[in-house]
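One structure below.
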Amino acid sequence: MNSTQPLFRAPSPVERVFNRTFGILVGLGLGFSYNYLLQVRGRKSGKIYSTPIDLLELGGKRFLVAPRGRAQWVRNAEAAGQVTLKKGSKRQQFQLRALTDQEKPEILKAYLDQFKREVQRYFPVQAGSPVEAFRELVQNYPAFELVPA
C-alpha cells in the first residue's frame with residue numbers, strides 16, 4: 001500500500017449490485033441501527049450521490065470510516081464539507097471533521113472490531129488486533145467525525 005496516497009478498492013460487480021440493493025433498503029428505513037444511506041453532493045456535477053454506510057458511534061460521537069480507501073463519496077464529502085445521513089423518512093445533516101493521524105488508530109480499531117463481518121477483507125490486520133497495529137494504516141483509511149450541522 002502506498003503510504004502517501006490511500007488506495008481505493010473498487011467494488012466487484014456483485015458488490016455494486018448488493019450495495020445498490022442494500023442502499024435502497026436502508027433508504028426505506030430497513031437495516032441495522034448503524035446502517036444509513038450517506039448522501040453527498042458531487043464535487044463536479046452537483047448531483048446528490050448515495051451509498052450505504054456503517055456508522056460507528058463511540059464515546060457519544062459519530063464517525064465515518066472509508067474501508068475501501070479514497071472512494072468517490074470521500075472525495076465528494078471532503079469537497080462539500082458536509083453530508084446527510086438518511087434512514088427512512090429521517091434525514092440528518094452533518095459537517096465533517098477529518099480525523100488526524102493520531103486519532104485514527106483507535107477509530108479504525110473500533111470500526112473493524114464492530115463491523116468485522118462487513119469490512120475485514122479491506123484491512124490487512126485482523127479484528128481484535130491491538131491499537132498499535134493500526135498506526136501504520138492511517139494513511140490508507142479516510143475517517144471523519146460527524147458534527148451536527
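Ordered as shown in the C-alpha cells, chains take letters A, B, and onward, while each chain numbers its residues from 1 and ligands are numbered from 1 in the order shown.
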
Inset, instruction - List the neighbours of Ile24 of chain A out to 9 Å using only C-alpha atoms; skip same-chain residues closer than 6 positions along the sequence, and give me the result as a PyMOL selection string. - result: chain A and resi 30+37+52

Inset, instruction - Excluding Leu58 of chain A and residues on its chain fewer than 3 positions from it, collect all residues at most 12 Å away from it, counting only C-alpha atoms, and give them as a PyMOL selection string. - result: chain A and resi 34+55+61-64+106-111+114+145-146

Inset, instruction - Could you give me, as a list of chain:residue names, the residues within 12 Å of Arg135 of chain A, counting only C-alpha atoms and dropping anything in the same chain fewer than 6 positions from it? - result: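 With the cut-off at 12 Å, the set is A:Ser3, A:Thr100, A:Asp101, A:Gln102, A:Glu103, A:Lys104, A:Pro105, A:Glu106, A:Ile107, A:Leu108, A:Lys109, A:Val125, A:Ser129, A:Tyr141.
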
Legend entry - For Val65 of chain A, the nearest of the candidates A:Leu112, A:Val147, A:Ala79, A:Leu28, counting only C-alpha atoms: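 Closest to Val65 of chain A, using only C-alpha atoms: A:Leu112.
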
Legend entry - Long-range neighbours of segment 117-119 of chain A as an MDAnalysis selection string, 10 Å cut-off, only C-alpha atoms, 3 positions minimum in chain: chainID A and resid 54 66:68 111:114 122:123 127

C-alpha atoms of the current selection, written as a PDB file, in the first residue's frame:
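again-v1.pdb, written as the output of this step:
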```pdb
ATOM      1  CA  ASP A  54     -21.930   1.600   8.710  1.00  0.00           C
ATOM      2  CA  ALA A  66     -13.946   4.560   4.376  1.00  0.00           C
ATOM      3  CA  PRO A  67     -12.837   0.909   4.429  1.00  0.00           C
ATOM      4  CA  ARG A  68     -12.245   0.937   0.658  1.00  0.00           C
ATOM      5  CA  TYR A 111     -14.648   0.239  13.365  1.00  0.00           C
ATOM      6  CA  LEU A 112     -13.044  -3.071  12.374  1.00  0.00           C
ATOM      7  CA  ASP A 113     -13.919  -4.706  15.695  1.00  0.00           C
ATOM      8  CA  GLN A 114     -17.581  -3.655  15.405  1.00  0.00           C
ATOM      9  CA  TYR A 122     -10.381  -4.443   3.426  1.00  0.00           C
ATOM     10  CA  PHE A 123      -7.967  -4.474   6.377  1.00  0.00           C
ATOM     11  CA  ALA A 127     -10.278  -7.634  14.079  1.00  0.00           C
TER      12      ALA A 127
END
```

Inset, instruction - as a ChimeraX atom specification, list the residues of chain A assigned to alpha helix (DSSP H) by DSSP on the backbone atoms of this structure. - result: /A:13-27,72-80,104-114,116-119
